[in-house]
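So this block is coords26.cif, mmCIF, C-alpha atoms:
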```cif
data_input
loop_
_atom_site.label_atom_id
_atom_site.label_comp_id
_atom_site.auth_asym_id
_atom_site.auth_seq_id
_atom_site.Cartn_x
_atom_site.Cartn_y
_atom_site.Cartn_z
CA MET A 558 14.82 44.39 107.14
CA LYS A 559 14.97 47.12 104.48
CA ARG A 560 13.87 49.67 107.06
CA THR A 561 16.80 48.67 109.25
CA CYS A 562 19.22 49.08 106.38
CA LEU A 563 17.76 52.47 105.62
CA THR A 564 18.05 53.54 109.24
CA ILE A 565 21.66 52.45 109.39
CA ALA A 566 22.37 54.27 106.16
CA LEU A 567 20.75 57.45 107.43
CA VAL A 568 22.47 57.28 110.79
CA GLY A 569 25.76 56.55 109.06
CA ALA A 570 25.34 59.44 106.67
CA ALA A 571 26.50 61.89 109.35
CA THR A 572 26.86 64.90 107.07
CA GLY A 573 24.27 66.95 105.19
CA ALA A 574 23.88 64.17 102.63
CA ILE A 575 20.48 63.13 104.06
CA ALA A 576 18.66 66.11 102.66
CA ALA A 577 20.04 65.41 99.19
CA GLU A 578 18.96 61.74 99.01
CA ILE A 579 16.94 61.03 95.89
CA ALA A 580 13.88 58.81 96.40
CA PRO A 581 13.37 55.73 94.15
CA GLY A 582 10.52 57.37 92.23
CA GLU A 583 12.50 60.56 91.54
CA VAL A 584 15.72 59.31 89.95
CA PRO A 585 16.56 61.57 86.95
CA PHE A 586 17.36 59.09 84.16
CA GLU A 587 18.80 60.45 80.93
CA GLU A 588 19.16 57.82 78.22
CA GLY A 589 19.52 55.17 80.87
CA ALA A 590 22.18 57.06 82.84
CA VAL A 591 21.95 59.05 86.08
CA ALA A 592 24.45 61.91 86.40
CA VAL A 593 23.97 62.83 90.06
CA SER A 594 24.80 60.80 93.16
CA LEU A 595 21.65 59.43 94.81
CA THR A 596 23.03 60.39 98.23
CA GLY A 597 24.78 63.58 97.16
CA ALA A 598 28.13 62.04 98.05
CA PRO A 599 30.55 59.53 96.48
CA GLY A 600 30.20 55.87 97.45
CA ASP A 601 32.67 53.57 99.19
CA PRO A 602 34.13 50.97 96.77
CA ALA A 603 35.07 48.52 99.55
CA ARG A 604 31.50 48.34 100.78
CA GLY A 605 30.30 48.18 97.19
CA ARG A 606 32.47 45.11 96.61
CA GLU A 607 30.72 43.44 99.53
CA VAL A 608 27.25 44.29 98.16
CA VAL A 609 28.11 42.85 94.73
CA GLY A 610 29.33 39.56 96.20
CA SER A 611 26.88 39.05 99.04
CA LYS A 612 23.93 36.73 98.56
CA SER A 613 21.76 38.76 100.93
CA LEU A 614 22.61 42.16 99.38
CA GLY A 615 23.14 42.74 95.65
CA ASN A 616 23.86 39.09 94.81
CA CYS A 617 25.19 40.36 91.49
CA VAL A 618 27.46 37.34 91.08
CA ALA A 619 24.33 35.19 90.84
CA CYS A 620 24.22 36.41 87.25
CA HIS A 621 27.64 38.01 86.59
CA ALA A 622 31.11 36.50 86.79
CA ASN A 623 33.72 38.88 88.17
CA SER A 624 37.42 37.98 88.41
CA ASP A 625 37.98 40.48 91.21
CA LEU A 626 35.65 38.38 93.41
CA SER A 627 37.27 35.02 92.62
CA ASP A 628 37.47 34.34 96.38
CA ILE A 629 33.69 33.84 96.25
CA PRO A 630 32.61 30.48 94.71
CA PHE A 631 29.92 30.07 92.03
CA HIS A 632 29.53 33.00 89.67
CA GLY A 633 26.59 33.03 87.30
CA GLU A 634 26.59 33.18 83.51
CA ILE A 635 23.39 35.14 82.83
CA GLY A 636 24.82 38.63 82.26
CA PRO A 637 28.16 39.86 80.85
CA MET A 638 31.31 39.52 82.97
CA LEU A 639 31.82 42.57 85.17
CA ASP A 640 35.55 42.65 84.40
CA GLY A 641 36.28 45.99 82.78
CA ALA A 642 32.81 47.44 83.53
CA GLY A 643 34.50 50.62 84.77
CA GLU A 644 36.14 51.07 81.38
CA ARG A 645 33.11 50.24 79.27
CA TRP A 646 30.74 52.54 81.13
CA SER A 647 30.89 56.00 82.70
CA GLU A 648 29.94 56.49 86.34
CA ALA A 649 26.59 57.99 85.30
CA GLU A 650 25.86 54.99 83.09
CA LEU A 651 26.82 52.54 85.83
CA ARG A 652 24.50 54.34 88.26
CA GLY A 653 21.65 54.11 85.78
CA ILE A 654 22.30 50.40 85.13
CA VAL A 655 22.40 49.51 88.82
CA ALA A 656 19.43 51.69 89.80
CA ASN A 657 17.21 50.42 86.98
CA ALA A 658 18.90 48.44 84.21
CA LYS A 659 15.70 48.39 82.18
CA MET A 660 16.18 52.10 81.40
CA MET A 661 19.48 51.28 79.66
CA PHE A 662 18.58 47.82 78.32
CA PRO A 663 14.81 47.66 77.63
CA GLY A 664 13.32 44.34 78.77
CA SER A 665 16.54 43.32 80.53
CA MET A 666 16.43 40.34 82.85
CA MET A 667 18.51 42.34 85.34
CA PRO A 668 16.40 43.35 88.37
CA SER A 669 15.82 47.03 89.13
CA PHE A 670 17.65 47.66 92.38
CA TYR A 671 16.27 51.12 93.17
CA LYS A 672 12.59 50.94 92.33
CA VAL A 673 9.53 50.48 94.54
CA ASP A 674 6.49 50.37 92.26
CA GLY A 675 5.10 48.75 89.14
CA PHE A 676 5.67 45.17 90.32
CA ILE A 677 3.31 42.24 89.68
CA ARG A 678 2.53 40.39 92.94
CA PRO A 679 5.42 41.90 94.93
CA GLY A 680 6.32 39.71 97.89
CA ASN A 681 7.77 40.16 101.34
CA ALA A 682 11.40 39.30 100.49
CA TYR A 683 11.70 35.52 99.93
CA THR A 684 8.81 34.43 102.15
CA GLY A 685 6.28 33.91 99.36
CA GLU A 686 3.86 36.15 101.31
CA ALA A 687 2.50 39.44 99.98
CA ALA A 688 4.59 42.56 100.51
CA ASP A 689 3.78 44.52 103.66
CA ASP A 690 4.64 48.08 104.62
CA SER A 691 8.30 47.17 105.18
CA PHE A 692 8.64 47.00 101.37
CA GLY A 693 11.58 49.04 100.06
CA PRO A 694 14.02 49.04 97.14
CA LEU A 695 16.42 46.07 96.81
CA LEU A 696 19.36 48.35 97.67
CA THR A 697 19.48 51.67 99.53
CA ALA A 698 20.72 54.87 97.87
CA GLN A 699 23.96 54.50 99.81
CA GLN A 700 24.43 50.90 98.66
CA ILE A 701 23.78 51.91 95.02
CA GLU A 702 26.48 54.58 95.32
CA ASP A 703 28.88 52.10 96.94
CA VAL A 704 28.29 49.60 94.10
CA VAL A 705 28.79 52.31 91.47
CA ALA A 706 32.06 53.37 93.13
CA TYR A 707 33.18 49.72 93.13
CA LEU A 708 32.23 49.04 89.50
CA ALA A 709 34.18 52.14 88.44
CA THR A 710 37.34 50.45 89.79
CA LEU A 711 36.89 47.38 87.54
CA LYS A 712 39.42 47.80 84.71
CA TYR A 713 40.81 45.16 82.37
CA MET B 1019 22.46 24.88 68.42
CA LYS B 1020 23.88 23.46 71.65
CA LYS B 1021 26.72 21.80 69.77
CA THR B 1022 27.75 25.11 68.20
CA ALA B 1023 27.59 26.81 71.58
CA LEU B 1024 29.87 24.16 73.00
CA ILE B 1025 32.49 24.63 70.31
CA THR B 1026 32.40 28.40 70.65
CA ALA B 1027 32.81 28.03 74.39
CA LEU B 1028 35.76 25.69 74.06
CA LEU B 1029 37.48 28.04 71.65
CA GLY B 1030 36.82 30.94 73.96
CA ALA B 1031 37.64 28.96 77.10
CA GLY B 1032 40.61 31.16 77.88
CA ALA B 1033 38.15 33.85 78.92
CA ILE B 1034 36.31 31.67 81.41
CA THR B 1035 37.41 32.27 84.99
CA ALA B 1036 38.38 29.50 87.38
CA GLY B 1037 35.18 29.85 89.40
CA MET B 1038 32.89 29.03 86.49
CA ALA B 1039 31.88 25.47 85.80
CA TRP B 1040 31.07 24.51 82.22
CA ALA B 1041 27.35 24.06 82.17
CA GLU B 1042 25.88 22.51 79.03
CA PRO B 1043 23.34 19.71 79.48
CA VAL B 1044 25.24 16.42 79.58
CA GLU B 1045 24.92 14.08 76.61
CA ASP B 1046 23.92 10.76 78.12
CA THR B 1047 21.22 8.11 77.78
CA LEU B 1048 18.81 7.24 80.58
CA ILE B 1049 18.13 3.52 80.75
CA ILE B 1050 16.14 2.43 83.80
CA ASN B 1051 17.08 -0.93 85.36
CA GLU B 1052 19.10 -1.76 82.26
CA GLU B 1053 15.92 -2.29 80.25
CA THR B 1054 13.73 0.78 79.72
CA GLU B 1055 15.30 3.51 77.57
CA LEU B 1056 13.71 6.88 78.19
CA THR B 1057 13.34 9.79 75.77
CA THR B 1058 15.00 12.66 77.64
CA TRP B 1059 16.01 14.93 74.73
CA THR B 1060 13.80 15.33 71.69
CA ASP B 1061 12.29 17.63 69.06
CA ALA B 1062 10.27 20.60 70.25
CA PRO B 1063 6.52 19.87 70.51
CA ALA B 1064 3.93 22.28 69.07
CA ALA B 1065 3.55 24.10 72.40
CA VAL B 1066 7.08 25.52 72.21
CA GLU B 1067 7.45 25.96 68.48
CA GLY B 1068 9.66 28.98 67.83
CA ALA B 1069 10.55 29.25 71.52
CA LEU B 1070 12.81 26.23 72.04
CA PRO B 1071 14.84 24.29 69.44
CA GLU B 1072 14.41 21.02 71.35
CA VAL B 1073 13.15 19.85 74.73
CA ILE B 1074 15.44 18.38 77.35
CA SER B 1075 14.63 16.66 80.63
CA GLY B 1076 16.08 18.11 83.83
CA TRP B 1077 17.97 14.82 84.16
CA HIS B 1078 20.60 16.06 81.66
CA PHE B 1079 21.37 19.06 83.85
CA ARG B 1080 22.29 17.05 86.94
CA GLY B 1081 25.64 15.58 87.97
CA THR B 1082 26.93 12.10 87.16
CA GLU B 1083 25.98 10.57 90.52
CA THR B 1084 22.52 12.09 90.61
CA ARG B 1085 21.85 10.83 87.08
CA ALA B 1086 23.06 7.35 88.02
CA MET B 1087 20.74 7.19 91.04
CA GLN B 1088 17.74 7.52 88.77
CA ALA B 1089 18.86 4.74 86.44
CA ASP B 1090 18.39 1.99 89.03
CA ASP B 1091 15.26 1.50 91.12
CA PHE B 1092 17.33 0.17 94.01
CA ASP B 1093 19.30 3.43 94.13
CA ASN B 1094 16.37 5.76 93.45
CA PRO B 1095 15.12 7.02 96.85
CA GLY B 1096 11.79 7.90 95.21
CA MET B 1097 11.01 4.20 94.83
CA ILE B 1098 10.66 3.81 98.60
CA PHE B 1099 7.66 6.11 98.39
CA VAL B 1100 6.27 4.09 95.49
CA GLU B 1101 6.34 1.02 97.74
CA GLN B 1102 4.55 2.90 100.50
CA ALA B 1103 1.91 4.00 98.02
CA MET B 1104 1.42 0.37 96.91
CA ASP B 1105 0.29 -0.38 100.46
CA ALA B 1106 -1.96 2.69 100.48
CA TRP B 1107 -3.40 1.55 97.13
CA ASP B 1108 -4.73 -1.63 98.77
CA THR B 1109 -5.84 0.01 102.03
CA VAL B 1110 -9.58 0.44 102.62
CA GLU B 1111 -10.41 3.95 103.81
CA GLY B 1112 -13.59 6.01 104.11
CA GLU B 1113 -17.32 5.42 104.54
CA ALA B 1114 -17.73 3.47 101.31
CA GLY B 1115 -15.39 0.71 102.54
CA LYS B 1116 -13.22 0.81 99.45
CA SER B 1117 -9.57 1.05 98.52
CA CYS B 1118 -8.12 2.28 95.23
CA ALA B 1119 -7.74 -1.41 94.30
CA SER B 1120 -11.49 -2.03 94.79
CA CYS B 1121 -12.21 0.00 91.67
CA HIS B 1122 -8.93 -0.08 89.76
CA GLY B 1123 -7.43 -3.51 90.51
CA ASP B 1124 -3.71 -3.74 89.86
CA ALA B 1125 -2.12 -0.29 89.53
CA GLY B 1126 0.50 -1.63 87.13
CA ASP B 1127 -2.26 -2.44 84.63
CA SER B 1128 -4.98 0.13 85.22
CA MET B 1129 -2.73 3.17 85.76
CA LYS B 1130 -0.41 2.57 82.82
CA GLY B 1131 -0.49 5.67 80.60
CA VAL B 1132 -2.48 7.79 83.02
CA ARG B 1133 0.35 10.12 84.16
CA ALA B 1134 1.22 10.89 80.51
CA VAL B 1135 -2.04 12.72 79.75
CA TYR B 1136 -2.57 14.79 82.92
CA PRO B 1137 -3.61 17.53 83.54
CA LYS B 1138 -6.72 16.79 81.44
CA TRP B 1139 -10.34 17.76 80.99
CA ASN B 1140 -12.92 16.00 83.16
CA GLU B 1141 -16.25 16.07 81.33
CA ASP B 1142 -18.50 15.30 84.31
CA ALA B 1143 -16.90 17.89 86.56
CA GLY B 1144 -16.48 20.39 83.71
CA GLU B 1145 -12.95 21.26 84.82
CA VAL B 1146 -9.29 20.71 84.06
CA ARG B 1147 -7.96 18.24 86.60
CA THR B 1148 -4.42 17.62 87.74
CA LEU B 1149 -3.62 14.07 88.81
CA GLU B 1150 -3.68 15.23 92.44
CA MET B 1151 -7.21 16.57 91.91
CA GLN B 1152 -8.30 13.26 90.39
CA VAL B 1153 -6.83 11.27 93.30
CA ASN B 1154 -8.74 13.46 95.73
CA ALA B 1155 -11.94 13.24 93.65
CA CYS B 1156 -11.71 9.43 93.88
CA ARG B 1157 -11.13 9.65 97.60
CA THR B 1158 -13.99 12.00 98.40
CA GLU B 1159 -16.56 10.79 95.86
CA ASN B 1160 -15.87 7.06 95.48
CA MET B 1161 -14.26 6.14 98.79
CA GLU B 1162 -16.00 8.80 100.88
CA ALA B 1163 -12.65 9.41 102.56
CA GLU B 1164 -10.85 12.61 103.47
CA PRO B 1165 -8.88 14.31 100.67
CA LEU B 1166 -5.07 14.18 100.93
CA LYS B 1167 -3.07 17.34 101.44
CA TYR B 1168 -2.18 18.59 97.96
CA THR B 1169 1.59 18.67 98.50
CA GLY B 1170 1.77 16.14 101.37
CA THR B 1171 3.88 12.97 101.35
CA GLU B 1172 0.88 10.64 100.98
CA MET B 1173 -0.20 12.51 97.85
CA THR B 1174 3.25 12.76 96.25
CA SER B 1175 3.85 9.07 97.04
CA MET B 1176 0.59 8.10 95.33
CA LEU B 1177 1.62 10.21 92.34
CA ALA B 1178 5.02 8.50 92.32
CA LEU B 1179 3.29 5.12 92.10
CA ILE B 1180 0.99 6.25 89.30
CA SER B 1181 3.91 7.86 87.41
CA SER B 1182 6.24 4.91 87.85
CA VAL B 1183 4.00 2.57 85.86
CA SER B 1184 4.06 4.99 82.88
CA ARG B 1185 7.81 5.48 82.80
CA GLY B 1186 9.07 5.52 79.24
CA MET B 1187 5.71 6.53 77.75
CA PRO B 1188 5.66 9.92 76.00
CA VAL B 1189 4.01 12.85 77.76
CA ASN B 1190 0.98 13.65 75.62
CA VAL B 1191 -1.09 16.38 77.21
CA ALA B 1192 -3.93 17.88 75.16
CA THR B 1193 -3.81 21.65 74.65
CA ASP B 1194 -6.93 22.24 72.55
CA GLY B 1195 -10.68 21.71 72.80
CA PRO B 1196 -12.13 22.28 76.26
CA VAL B 1197 -8.70 22.92 77.84
CA ALA B 1198 -7.65 25.61 75.35
CA GLU B 1199 -8.62 28.51 77.58
CA THR B 1200 -6.81 27.10 80.61
CA TRP B 1201 -3.75 26.42 78.47
CA GLU B 1202 -3.71 30.05 77.30
CA ALA B 1203 -4.00 31.24 80.90
CA GLY B 1204 -1.05 29.02 81.84
CA LYS B 1205 1.00 30.37 78.97
CA GLU B 1206 0.26 33.92 80.10
CA LEU B 1207 1.50 33.07 83.60
CA TYR B 1208 4.64 31.45 82.20
CA TYR B 1209 5.69 34.68 80.52
CA THR B 1210 4.60 37.08 83.30
CA ARG B 1211 7.50 38.71 85.15
CA THR B 1212 6.53 38.50 88.79
CA GLY B 1213 7.84 39.81 92.08
CA GLN B 1214 10.38 42.43 92.99
CA LEU B 1215 12.97 40.70 90.80
CA GLU B 1216 10.56 40.83 87.84
CA LEU B 1217 11.44 37.38 86.53
CA SER B 1218 9.22 35.03 84.53
CA CYS B 1219 9.57 31.27 84.18
CA ALA B 1220 10.81 31.96 80.64
CA ASN B 1221 13.60 34.30 81.82
CA CYS B 1222 15.25 31.41 83.63
CA HIS B 1223 14.05 28.24 81.89
CA GLU B 1224 13.65 29.34 78.26
CA ASP B 1225 16.22 32.12 77.78
CA ASN B 1226 18.94 30.82 80.09
CA TYR B 1227 18.74 27.05 80.45
CA GLY B 1228 22.19 25.50 80.38
CA ARG B 1229 23.67 28.52 82.18
CA MET B 1230 24.61 28.82 85.82
CA ILE B 1231 22.64 31.13 88.10
CA ARG B 1232 25.04 31.32 91.00
CA ALA B 1233 25.49 27.64 92.07
CA ASP B 1234 22.43 26.34 90.19
CA HIS B 1235 22.54 24.87 86.72
CA LEU B 1236 19.36 26.04 85.02
CA SER B 1237 17.32 23.38 83.23
CA GLN B 1238 14.27 23.91 81.03
CA GLY B 1239 12.05 23.49 84.10
CA GLN B 1240 10.31 20.46 82.58
CA ILE B 1241 7.86 18.47 84.71
CA ASN B 1242 8.01 15.08 82.98
CA GLY B 1243 10.11 13.81 85.91
CA PHE B 1244 7.65 14.66 88.69
CA PRO B 1245 7.27 13.83 91.44
CA VAL B 1246 10.94 14.52 92.05
CA TYR B 1247 13.05 13.18 94.89
CA ARG B 1248 15.34 16.07 95.78
CA LEU B 1249 18.64 15.38 97.55
CA LYS B 1250 18.40 18.92 98.91
CA ASN B 1251 15.27 18.37 101.01
CA THR B 1252 15.38 14.53 101.02
CA LYS B 1253 11.75 14.09 100.09
CA LEU B 1254 9.44 13.73 97.12
CA ASN B 1255 8.32 17.05 95.68
CA GLY B 1256 5.18 17.68 93.69
CA VAL B 1257 4.84 20.05 90.74
CA HIS B 1258 3.01 22.82 92.60
CA ALA B 1259 5.52 22.80 95.46
CA ARG B 1260 8.28 23.38 92.91
CA PHE B 1261 6.31 26.14 91.16
CA LYS B 1262 5.77 27.78 94.54
CA GLY B 1263 9.50 27.74 95.29
CA CYS B 1264 10.39 29.23 91.92
CA VAL B 1265 7.79 32.02 92.20
CA ARG B 1266 8.92 32.75 95.77
CA ASP B 1267 12.47 33.14 94.45
CA THR B 1268 11.34 36.07 92.30
CA ARG B 1269 10.46 37.82 95.58
CA ALA B 1270 6.78 37.49 94.71
CA GLU B 1271 3.61 36.58 96.55
CA THR B 1272 3.15 32.99 95.38
CA TYR B 1273 -0.01 31.21 94.27
CA LYS B 1274 -1.29 28.32 96.36
CA PRO B 1275 -0.76 24.66 95.46
CA GLY B 1276 -3.96 23.45 93.81
CA SER B 1277 -5.03 27.00 92.86
CA PRO B 1278 -6.57 27.60 89.41
CA GLU B 1279 -3.43 29.57 88.50
CA PHE B 1280 -1.07 26.67 89.24
CA VAL B 1281 -3.42 24.16 87.56
CA ALA B 1282 -3.30 26.28 84.40
CA LEU B 1283 0.47 26.70 84.67
CA GLU B 1284 0.91 22.95 85.13
CA LEU B 1285 -1.13 22.18 82.03
CA TYR B 1286 0.94 24.61 79.98
CA VAL B 1287 4.33 23.50 81.37
CA ALA B 1288 3.38 19.82 80.91
CA SER B 1289 2.60 20.50 77.24
CA ARG B 1290 6.06 22.04 76.80
CA GLY B 1291 7.36 18.54 77.56
CA ASN B 1292 5.08 16.63 75.17
CA GLY B 1293 7.26 13.92 73.62
CA LEU B 1294 9.60 13.51 76.58
CA SER B 1295 9.16 10.28 78.53
CA VAL B 1296 7.31 10.13 81.81
CA GLU B 1297 10.20 9.83 84.29
CA GLY B 1298 8.67 10.08 87.77
CA PRO B 1299 9.80 9.52 90.38
CA SER B 1300 13.03 11.16 89.23
CA VAL B 1301 16.07 12.28 91.23
CA ARG B 1302 17.36 15.85 91.27
CA ASN B 1303 19.55 17.88 93.57
#
```
Mind turning the file's structure into structure tokens?
Amino acid sequence: MKRTCLTIALVGAATGAIAAEIAPGEVPFEEGAVAVSLTGAPGDPARGREVVGSKSLGNCVACHANSDLSDIPFHGEIGPMLDGAGERWSEAELRGIVANAKMMFPGSMMPSFYKVDGFIRPGNAYTGEAADDSFGPLLTAQQIEDVVAYLATLKY
Amino acid sequence: MKKTALITALLGAGAITAGMAWAEPVEDTLIINEETELTTWTDAPAAVEGALPEVISGWHFRGTETRAMQADDFDNPGMIFVEQAMDAWDTVEGEAGKSCASCHGDAGDSMKGVRAVYPKWNEDAGEVRTLEMQVNACRTENMEAEPLKYTGTEMTSMLALISSVSRGMPVNVATDGPVAETWEAGKELYYTRTGQLELSCANCHEDNYGRMIRADHLSQGQINGFPVYRLKNTKLNGVHARFKGCVRDTRAETYKPGSPEFVALELYVASRGNGLSVEGPSVRN
């Protein structure tokens, strides 16, 4: 499934952005933040909004309430509300938090969305079986950029 | 602690969006069939000292109707399986020509208190046994019958029968002596962050119980109510089936029901509920 997403993302990238894509193991974190776009291009906030709300994509609302997504029922209470995230954090900080929140908040419960190694008993999605060679990051570089672009729009 | 949280939340309620339900455990008393009062909320046992202020049955985290279903045996769908197991109890099976009743007589007498102390050390076998393991040991060794599938309906029904006759008795699982090593192994598993989501049991059930995770109201993940009749899958669910589901939800490769890992985890999780009443078969969503 991840492979398919990746393929779509690559096909959809159209421009020279492909060459600039940063792999999960090579993300340049600086104090939890990532200054450069993982795709080399800005993300699309509308698609990012979809990723944040969708159960099968980011599923961020499982843990975070977000007034802008009040059309979606059942928001979680595990993490802080996302309202105003774009004012509290810079784009670089948001990218770092979404790619690997544990770099910004050590020991955080928030999953690392752009990471492929260091897991204990990684599985094949939600099957309960061991991971196979289709294993990839939870979100693609493009999806991370889309989410970052969306979060940046969240003001009080 | 919970009381303070509630007040703070009410004061700050203006900040809560329309989509969020208020999610504290409900203050209520569980009285079965208008006679047996169960302990569903009590002081923390030694196993969770420093980790939890008090221990709370999953019953308090369910809705009004679900809670009511468990208070009356006629409404509790789990009791149908108890009745089926009563028939199985008296049924002769296997080469030895025996039933459970041949050795144990009336389950209501001989099984009273049994659920409360499992998993426990079996001296002859030199192992920690879950109640499922003991049922299968009786079947294979004493009845010379086939073992039951670990998470199958016949097994969970038999466990429901055995649990039902201990309802109201405090869970009192031993954590020291010959089981100490297994208990430590279970504790280790409880705090290990597994899968691609890197979540441990403690992340959800110790650090965040009482909160919503999307549409689910997180409880402490106690097992005093097992087996559990779940409205979601309309059947009785055993402890290891639930563990498997929770581990799967961390996007991990799960352990197998009956595996040494899940036996150790069960012993540890059971001890986190020492002092709560045996509740099985309970009703959850």
message: Please identify all residues of chain A having at least one atom at most 8 Å from any atom of chain B, considering only C-alpha atoms, and return them as a list in words.
response: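 Taken together, these residues fit the definition: Val618, Ala619, Cys620, Ala622, Ser624, Ser627, Pro630, Phe631, His632, Gly633, Glu634, Ile635, Met666, Met667, Pro668, Ser669, Phe676, Ile677, Arg678, Pro679, Gly680, Asn681, Ala682, Tyr683, Thr684, Gly685, Glu686, Ala687 and Ala688 of chain A.
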query: What do you get, as a list in words, if you spell out every residue that the PyMOL selection byres ((chain A and resi 584) around 9) selects here?
result: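 So the PyMOL selection byres ((chain A and resi 584) around 9), applied here, picks out Ile579, Ala580, Pro581, Gly582, Glu583, Pro585, Phe586, Val591, Val593, Leu595, Gly653, Ala656 and Tyr671 of chain A.
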Residues near region 598-610 of chain A, cut-off 8 Å, only C-alpha atoms, skip fewer than 3 positions along chain, as a list in words: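 Final neighbour list, sorted by chain and number: Ala574, Ser594, Leu595, Leu614, Gly615, Asn616, Cys617, Val618, Leu626, Ile629, Gln699, Gln700, Ile701, Glu702, Asp703, Val704, Val705, Ala706, Tyr707, Leu708 and Thr710 of chain A.
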task: Measure the distance from CA of Gly1256 (chain B) to CA of Thr1174 (chain B) in Å and round it to one decimal.
output: 5.9 Å
field: Separation of CA of Gly636 (chain A) from CA of Ser1237 (chain B), in Å and rounded to one decimal
entry: 17.0 Å
Starting from the sparse input, extend region 593-612 of chain A to N, CA and C atoms and give the output as a CSV table (one decimal), keeping the file's coordinate frame.
```csv
chain,number,residue,atom,x,y,z
A,593,VAL,N,23.7,62.4,88.7
A,593,VAL,CA,24.0,62.8,90.1
A,593,VAL,C,24.0,61.7,91.1
A,594,SER,N,24.8,61.8,92.1
A,594,SER,CA,24.8,60.8,93.2
A,594,SER,C,23.4,60.8,93.9
A,595,LEU,N,23.0,59.6,94.1
A,595,LEU,CA,21.6,59.4,94.8
A,595,LEU,C,21.7,59.9,96.3
A,596,THR,N,22.9,59.9,96.8
A,596,THR,CA,23.0,60.4,98.2
A,596,THR,C,23.6,61.8,98.3
A,597,GLY,N,24.1,62.3,97.2
A,597,GLY,CA,24.8,63.6,97.2
A,597,GLY,C,26.3,63.5,97.5
A,598,ALA,N,26.7,62.2,97.7
A,598,ALA,CA,28.1,62.0,98.0
A,598,ALA,C,28.7,60.8,97.3
A,599,PRO,N,30.0,60.7,97.1
A,599,PRO,CA,30.6,59.5,96.5
A,599,PRO,C,30.4,58.3,97.3
A,600,GLY,N,30.3,57.1,96.7
A,600,GLY,CA,30.2,55.9,97.4
A,600,GLY,C,31.5,55.3,97.9
A,601,ASP,N,31.5,54.2,98.6
A,601,ASP,CA,32.7,53.6,99.2
A,601,ASP,C,32.9,52.2,98.4
A,602,PRO,N,33.9,52.2,97.6
A,602,PRO,CA,34.1,51.0,96.8
A,602,PRO,C,34.3,49.7,97.6
A,603,ALA,N,34.9,49.7,98.8
A,603,ALA,CA,35.1,48.5,99.6
A,603,ALA,C,33.7,47.9,100.0
A,604,ARG,N,32.8,48.8,100.4
A,604,ARG,CA,31.5,48.3,100.8
A,604,ARG,C,30.7,47.9,99.5
A,605,GLY,N,31.0,48.6,98.4
A,605,GLY,CA,30.3,48.2,97.2
A,605,GLY,C,30.7,46.8,96.8
A,606,ARG,N,32.0,46.4,97.0
A,606,ARG,CA,32.5,45.1,96.6
A,606,ARG,C,31.7,44.0,97.4
A,607,GLU,N,31.5,44.4,98.7
A,607,GLU,CA,30.7,43.4,99.5
A,607,GLU,C,29.3,43.2,99.0
A,608,VAL,N,28.6,44.4,98.7
A,608,VAL,CA,27.2,44.3,98.2
A,608,VAL,C,27.2,43.4,96.9
A,609,VAL,N,28.1,43.6,96.0
A,609,VAL,CA,28.1,42.8,94.7
A,609,VAL,C,28.3,41.3,95.0
A,610,GLY,N,29.1,41.0,96.0
A,610,GLY,CA,29.3,39.6,96.2
A,610,GLY,C,28.4,38.9,97.1
A,611,SER,N,27.7,39.7,98.0
A,611,SER,CA,26.9,39.0,99.0
A,611,SER,C,25.5,38.6,98.5
A,612,LYS,N,25.2,37.3,98.9
A,612,LYS,CA,23.9,36.7,98.6
A,612,LYS,C,22.7,37.5,99.1
```
